[in-house]
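Engineer: Got a structure for you, written out below as structure tokens; questions coming shortly.
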Amino acid sequence: MRMRTLTAATTLAVLFSSAVLAATPASADTATALPVRQVGDVVVDGLHQQVFVSDPANGKIVVTDYSGKVLKQLTSLPGVIGLELSPDSGTLYAAVKGADQIAVVDTATDTPGTPYAVGGQPISVAVAGGRLWFGYGASGGGDIGSVDLASEQHEVTLDQGSGWYAGPFLDAAPGSDTLVAGESGDSSGTVVSYDVSTGTPTRLASTQAGDGLRDLAVTPDGKDVITASGSPYQHPVFKTADLTPDGVYASDTYPNAVAVAPDGTVAAGVDGWYNPDIFLYKPGAKTPVRTYDFPNTGNSSGSDELADSALAWAPDASRLFAVSYNSLGAYTLRVLNAPAKAVTTVTVSAPATATRAKQLTVKGKVSATVALPAGTTLSVTRTDLDSPKGKALKAVAVKADGTFSFTDTPPAGGKVKYTVAYAGDAQHTAGSGSGTVDVSRAKPSISVDNNGKTYAYGKSVKFTAHLGSTYKNRSVEIWADPYGGDRPNKLVKSGKVDAHGNLSVWMNLYRDTKVTAKFTGDARYRSATATSTAYDRVSVSTSVSGSYKSKSTWGHTYYFFHKAKNPLLKTKMTYYPGRSQKFEFEVYYQGKWYPGDPEYFGLAANGTSSVTITGDHGQDVGWRFRVRSSYINGTSGDIVNSTTHGAWKYFTFTK
């Protein structure tokens, strides 16, 4: 059931291919949906760089490339479970339980050949001693058979290893004469080793590996077998010669998969919701070099789970392939790149603040399950306003406890980031960390004139921004924000200041306007703004209608009305939604003007407002009157202009 290494000739080809691949940057782990409803076994063909996943429920084998892309689906294989590659990786053998056959597939073209009719519902296959062995049998009658691969007739021999409750799991080391079988049909966890050098299995030893055996894998040297059972919550190791205990790999609840890379690295898998799913161990190690915890892609409270016997290594150990499933029954092929490398974590501690051009100290630590040797160098990069793409600094060496420190004198202010990175090696992944320092910058002087001044409606006004000393940046932006929510703040000019530090712009004012000068800062001076508010009057005029004459008298131009005529005062004012004019009426008596109660009249959409003065003007004969229309900031309905008074209009009545 396990992935196989290759013969000497094909091993050289794969190693050559691997060397080429190693020259390119390592790719990230991937996860790709698999079109399966169940997983029986997973094997990896390093020669053609493809992965085979059996699906007993759908009766097919799914073929993918190393990225997880589905290349082909081999169907009409009812109940297919166990998979095995020939020593040269040219042939895939598959135990097809529902057809009583061992399927034979050409891996160069992924096309089926003539199957071996073996009978007895085979579930597993393994190559050992020059023969293809298979575990077969329904519940209550398991056994072991073999196919003679050296014979042109491929004779099938049954009943070579009786005593099993159901067809057992099988595995063997590449080129080995020792076959290991495990009970698949009950909770005994029985494991038996056989010498198959003669073509007839000779029982070597047996043991009980645990409750509910799910998977087993023989180490590449053939000396040990590692088992995965629902219990105990670890992966025990046994010597194949006598099946006495030979260590243990700690894992977690419900072990269900195990795979051993050609270099001996062990992938121990468990079926767990709330703990890591895969534990990676160097041969004989007591602590894992790495763990993997699947994400939750379903709708349960726990994470995705590892399928039984669903771990397989690429022959060059560059990748580990795992199949997981979620609570919705969806299966995923996970390609874990460089899994045997310890994850490198770099933490960087930099001061929160610092003074520009003054020395500061950055500290940190590199952590990994396999410690980096003292003296290992880390690259250091400083990123700041002067070097936005980063500037390489002197490398720093790791101390025996994994810590490091270095000093630097930041030439630029603002946010300064120090990135410390390790490129990785044969035992460690690349890793990096960073810390950011807020380095001080000088405060520049900036101003804009005309603050508080009031101008006539539509007046063209020159605004000048002045910028004091800076480092490199001599550009300024001038923004104008007219009062009123219907006019946005707008950039009206940007550019470099002149030799005197000035940048000017002319603007016609139609409303009160806040003018802002902005300096975005540079490496030594921080950003700054200055504001100036210029006020703007409205345009207002009043015309008088209905008089029979006008003349200059009593120091003003007076309009004369017959007592039977009502004066009509028509005001024209700059329009704004909801705006009203303030209308004032005064009478002259004994050398002084006396006001009446003012009233507000709304403006029409064209900015006009007409007021007719009615009453018994016979009583007004001989009296002098005046009226005025004004815009009052706030009480005229808005605040977008400055208070503006129109001219007084004078009139009197005659008989």
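Ligands are numbered from 1 in the order shown, chains are lettered A, B, ... in the order of the structure tokens, and residues start at 1 in each chain.
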Just the residues within 10 Å of Ala172 in chain A, please, counting only C-alpha atoms, with nothing from its chain fewer than 6 positions along; format it as a VMD selection string.

Structural biologist: chain A and resid 1 to 2 4 125 to 129 133 178 to 181 193 to 194 216 to 222 225 240

Engineer: What's the 10 Å shell around Asp215 in chain A, counting only C-alpha atoms, without same-chain residues fewer than 4 positions away, as a short mmCIF file (atom, residue, chain, number, x, y, z; two decimals) with N, CA, C and O atoms, in the first residue's frame?

Structural biologist:
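Listed below is the output, around-v8.cif:
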data_model
loop_
_atom_site.label_atom_id
_atom_site.label_comp_id
_atom_site.auth_asym_id
_atom_site.auth_seq_id
_atom_site.Cartn_x
_atom_site.Cartn_y
_atom_site.Cartn_z
N MET A 1 0.81 -1.21 0.00
CA MET A 1 0.00 0.00 0.00
C MET A 1 0.84 1.26 0.00
O MET A 1 0.33 2.36 -0.09
N ARG A 2 2.14 1.12 0.10
CA ARG A 2 2.96 2.30 0.27
C ARG A 2 3.66 2.66 -1.02
O ARG A 2 3.89 1.83 -1.89
N ASP A 41 -6.22 4.29 -0.99
CA ASP A 41 -4.76 4.33 -0.89
C ASP A 41 -4.24 5.46 -1.76
O ASP A 41 -4.95 5.96 -2.65
N PHE A 169 -3.61 -5.86 5.41
CA PHE A 169 -2.75 -4.84 4.80
C PHE A 169 -1.39 -5.48 4.53
O PHE A 169 -0.92 -6.33 5.30
N LEU A 170 -0.71 -5.02 3.46
CA LEU A 170 0.64 -5.52 3.16
C LEU A 170 1.59 -4.37 2.88
O LEU A 170 1.19 -3.35 2.32
N ASP A 171 2.85 -4.60 3.23
CA ASP A 171 3.88 -3.63 2.86
C ASP A 171 5.24 -4.31 2.93
O ASP A 171 5.42 -5.32 3.64
N GLY A 182 -0.83 -6.76 8.15
CA GLY A 182 -1.56 -6.28 9.32
C GLY A 182 -3.04 -6.58 9.19
O GLY A 182 -3.62 -6.48 8.10
N GLU A 183 -3.67 -6.92 10.30
CA GLU A 183 -5.08 -7.28 10.30
C GLU A 183 -5.95 -6.07 9.99
O GLU A 183 -5.84 -5.03 10.63
N SER A 184 -6.82 -6.21 8.99
CA SER A 184 -7.70 -5.10 8.60
C SER A 184 -9.13 -5.29 9.05
O SER A 184 -9.93 -4.37 8.98
N ILE A 226 6.20 0.57 11.07
CA ILE A 226 5.50 1.57 11.90
C ILE A 226 4.01 1.39 11.66
O ILE A 226 3.56 1.26 10.52
N THR A 227 3.23 1.39 12.74
CA THR A 227 1.80 1.14 12.62
C THR A 227 0.99 2.35 13.07
O THR A 227 1.45 3.18 13.86
N ALA A 228 -0.24 2.40 12.56
CA ALA A 228 -1.19 3.45 12.95
C ALA A 228 -2.51 2.79 13.29
O ALA A 228 -3.16 2.19 12.41
N SER A 229 -2.90 2.84 14.56
CA SER A 229 -4.15 2.24 15.02
C SER A 229 -4.96 3.28 15.78
O SER A 229 -4.41 4.26 16.29
N GLY A 230 -6.27 3.02 15.87
CA GLY A 230 -7.11 3.95 16.62
C GLY A 230 -6.63 4.13 18.04
O GLY A 230 -6.78 5.20 18.63
N PRO A 255 -4.63 7.61 15.59
CA PRO A 255 -3.71 7.46 14.46
C PRO A 255 -4.36 6.64 13.34
O PRO A 255 -5.03 5.63 13.60
N ASN A 256 -4.17 7.08 12.09
CA ASN A 256 -4.84 6.37 10.98
C ASN A 256 -4.00 6.31 9.71
O ASN A 256 -4.48 5.80 8.69
N ALA A 257 -2.78 6.86 9.72
CA ALA A 257 -1.96 6.82 8.51
C ALA A 257 -0.49 6.97 8.88
O ALA A 257 -0.15 7.61 9.88
N VAL A 258 0.37 6.36 8.04
CA VAL A 258 1.80 6.51 8.23
C VAL A 258 2.47 6.30 6.89
O VAL A 258 2.05 5.47 6.08
N ALA A 259 3.50 7.10 6.63
CA ALA A 259 4.29 6.97 5.41
C ALA A 259 5.73 7.32 5.74
O ALA A 259 5.98 8.24 6.54
N GLY A 269 0.19 10.27 10.73
CA GLY A 269 -1.07 10.98 10.61
C GLY A 269 -2.12 10.48 11.59
O GLY A 269 -2.13 9.31 11.97
N ASP A 308 -8.02 7.76 6.12
CA ASP A 308 -7.21 6.59 6.48
C ASP A 308 -6.22 6.25 5.36
O ASP A 308 -6.58 6.27 4.17
N SER A 309 -5.00 5.94 5.74
CA SER A 309 -3.96 5.48 4.81
C SER A 309 -3.76 6.45 3.65
O SER A 309 -3.53 6.04 2.52
N ALA A 310 -3.88 7.75 3.92
CA ALA A 310 -3.87 8.75 2.84
C ALA A 310 -2.66 9.67 2.92
O ALA A 310 -2.77 10.88 2.75
N LEU A 311 -1.49 9.08 3.19
CA LEU A 311 -0.24 9.82 3.17
C LEU A 311 0.72 9.14 2.20
O LEU A 311 0.82 7.91 2.17
#

Engineer: Could you tell me how far CA of Val437 in chain A lies from CA of Ala421 in chain A, in Å and to one decimal?

Structural biologist: 17.6 Å

Engineer: Taking the DSSP secondary structure from the backbone, can you list the residues of range 131-308 of chain A that are strand (DSSP E or B), as a VMD selection string?

Structural biologist: chain A and resid 131 to 136 142 to 148 156 to 157 164 169 to 171 178 to 182 190 to 195 202 to 208 211 to 218 224 to 231 234 to 239 245 to 250 255 to 260 266 to 270 278 to 281 290 to 292 305 to 308

Engineer: Near range 532-542 of chain A, within 8 Å and counting only C-alpha atoms, which residues show up once chain neighbours fewer than 6 positions away are dropped, as number ranges by chain?

Structural biologist: A: 448-457, 509-516, 569-574, 628-631, 641-647, 649

Engineer: Please, what distance in Å, to one decimal, runs between CA of Ser610 in chain A and CA of Val544 in chain A?

Structural biologist: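 Straight-line distance from CA of Ser610 in chain A to CA of Val544 in chain A works out to 9.9 Å.
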
Engineer: Tell me which protein, DNA and RNA residues are within 10 Å of Pro351 in chain A, counting only C-alpha atoms, leaving out same-chain ones fewer than 4 positions away, and put them as JSON, numbers by chain.

Structural biologist: {"A": [360, 361, 362, 363, 435, 436, 437, 438, 439]}

Engineer: Applying 12 Å and only C-alpha atoms, which residues near Gly501 in chain A remain after dropping the ones on its own chain fewer than 2 positions away? List them as a list in words.

Structural biologist: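 Contacts, in chain order: Pro444, Ser445, Ile446, Ser447, Val448, Thr464, Ala465, His466, Leu467, Gly468, Ser469, Thr470, Asn473, Arg474, Ser475, Val476, Gly495, Lys496, Val497, Asp498, Ala499, Leu503, Ser504 and Phe519 of chain A.
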
Engineer: Would you export the selected residues with N, CA and C atoms as a compact mmCIF listing (two decimals), in the first residue's frame, please?

Structural biologist:
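New file selection.txt:
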# COMPACT_ATOMS: atom_id res chain seq x y z
N PRO A 444 8.55 70.98 9.71
CA PRO A 444 8.78 72.07 8.75
C PRO A 444 7.83 73.23 9.01
N SER A 445 8.19 74.39 8.52
CA SER A 445 7.28 75.54 8.60
C SER A 445 6.55 75.67 7.28
N ILE A 446 5.24 75.88 7.35
CA ILE A 446 4.42 76.06 6.16
C ILE A 446 3.29 77.02 6.50
N SER A 447 2.94 77.85 5.57
CA SER A 447 1.87 78.84 5.81
C SER A 447 1.17 79.13 4.49
N VAL A 448 0.00 79.74 4.60
CA VAL A 448 -0.74 80.21 3.43
C VAL A 448 -1.40 81.53 3.83
N THR A 464 -0.89 82.42 -1.68
CA THR A 464 0.50 81.99 -1.74
C THR A 464 0.83 81.11 -0.53
N ALA A 465 1.29 79.90 -0.81
CA ALA A 465 1.78 79.00 0.23
C ALA A 465 3.29 79.17 0.35
N HIS A 466 3.76 79.17 1.56
CA HIS A 466 5.20 79.33 1.79
C HIS A 466 5.71 78.13 2.58
N LEU A 467 6.78 77.49 2.05
CA LEU A 467 7.39 76.33 2.68
C LEU A 467 8.79 76.69 3.14
N GLY A 468 9.08 76.37 4.40
CA GLY A 468 10.41 76.63 4.94
C GLY A 468 11.40 75.56 4.53
N SER A 469 12.43 75.37 5.31
CA SER A 469 13.50 74.42 4.99
C SER A 469 12.99 72.98 5.04
N THR A 470 13.43 72.16 4.07
CA THR A 470 13.15 70.73 4.05
C THR A 470 14.40 70.02 3.55
N ASN A 473 12.23 67.00 -0.54
CA ASN A 473 10.92 67.29 -1.12
C ASN A 473 10.61 68.78 -1.02
N ARG A 474 10.40 69.43 -2.17
CA ARG A 474 10.06 70.86 -2.19
C ARG A 474 8.70 71.09 -2.86
N SER A 475 7.88 70.07 -2.83
CA SER A 475 6.56 70.18 -3.47
C SER A 475 5.48 70.47 -2.44
N VAL A 476 4.52 71.24 -2.88
CA VAL A 476 3.39 71.62 -2.03
C VAL A 476 2.10 71.45 -2.83
N GLY A 495 2.91 71.53 -6.98
CA GLY A 495 4.18 71.73 -7.66
C GLY A 495 5.27 72.12 -6.70
N LYS A 496 6.45 72.32 -7.25
CA LYS A 496 7.58 72.72 -6.42
C LYS A 496 7.51 74.22 -6.14
N VAL A 497 7.91 74.58 -4.94
CA VAL A 497 7.96 75.99 -4.59
C VAL A 497 9.13 76.65 -5.30
N ASP A 498 9.08 77.98 -5.42
CA ASP A 498 10.17 78.69 -6.09
C ASP A 498 11.36 78.87 -5.15
N ALA A 499 12.33 79.62 -5.60
CA ALA A 499 13.56 79.80 -4.82
C ALA A 499 13.30 80.46 -3.47
N LEU A 503 4.62 79.03 -3.53
CA LEU A 503 3.80 78.49 -4.61
C LEU A 503 2.46 79.23 -4.54
N SER A 504 2.06 79.84 -5.67
CA SER A 504 0.85 80.67 -5.67
C SER A 504 -0.17 80.15 -6.66
N PHE A 519 2.19 69.73 2.75
CA PHE A 519 3.52 69.22 2.46
C PHE A 519 3.54 67.77 2.92

Engineer: Give me the residues within 12 Å of Phe625 in chain A as a list of chain:residue names, counting only C-alpha atoms and dropping any in the same chain fewer than 4 places off.

Structural biologist: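 Within the cut-off, the hits are A:Trp554, A:His556, A:Thr557, A:Tyr558, A:Tyr559, A:Phe560, A:Phe561, A:Pro567, A:Glu584, A:Phe585, A:Glu586, A:Val587, A:Tyr588, A:Tyr589, A:Lys592, A:Trp593, A:Tyr594, A:Pro595, A:Gly596, A:Ile613, A:His617, A:Asp620, A:Val621, A:Trp648, A:Lys649, A:Tyr650, A:Phe651, A:Thr652, A:Phe653.
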
Engineer: List the neighbours of Thr109 in chain A out to 12 Å using only C-alpha atoms; skip same-chain residues closer than 2 positions along the sequence, and give me the result as JSON, numbers by chain.

Structural biologist: {"A": [48, 50, 63, 71, 72, 74, 90, 91, 92, 105, 106, 107, 111, 112, 113]}

Engineer: In Å to one decimal, how far is CA of Asp304 in chain A from CA of Trp273 in chain A?

Structural biologist: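 Distance reported for this atom pair: 6.7 Å.
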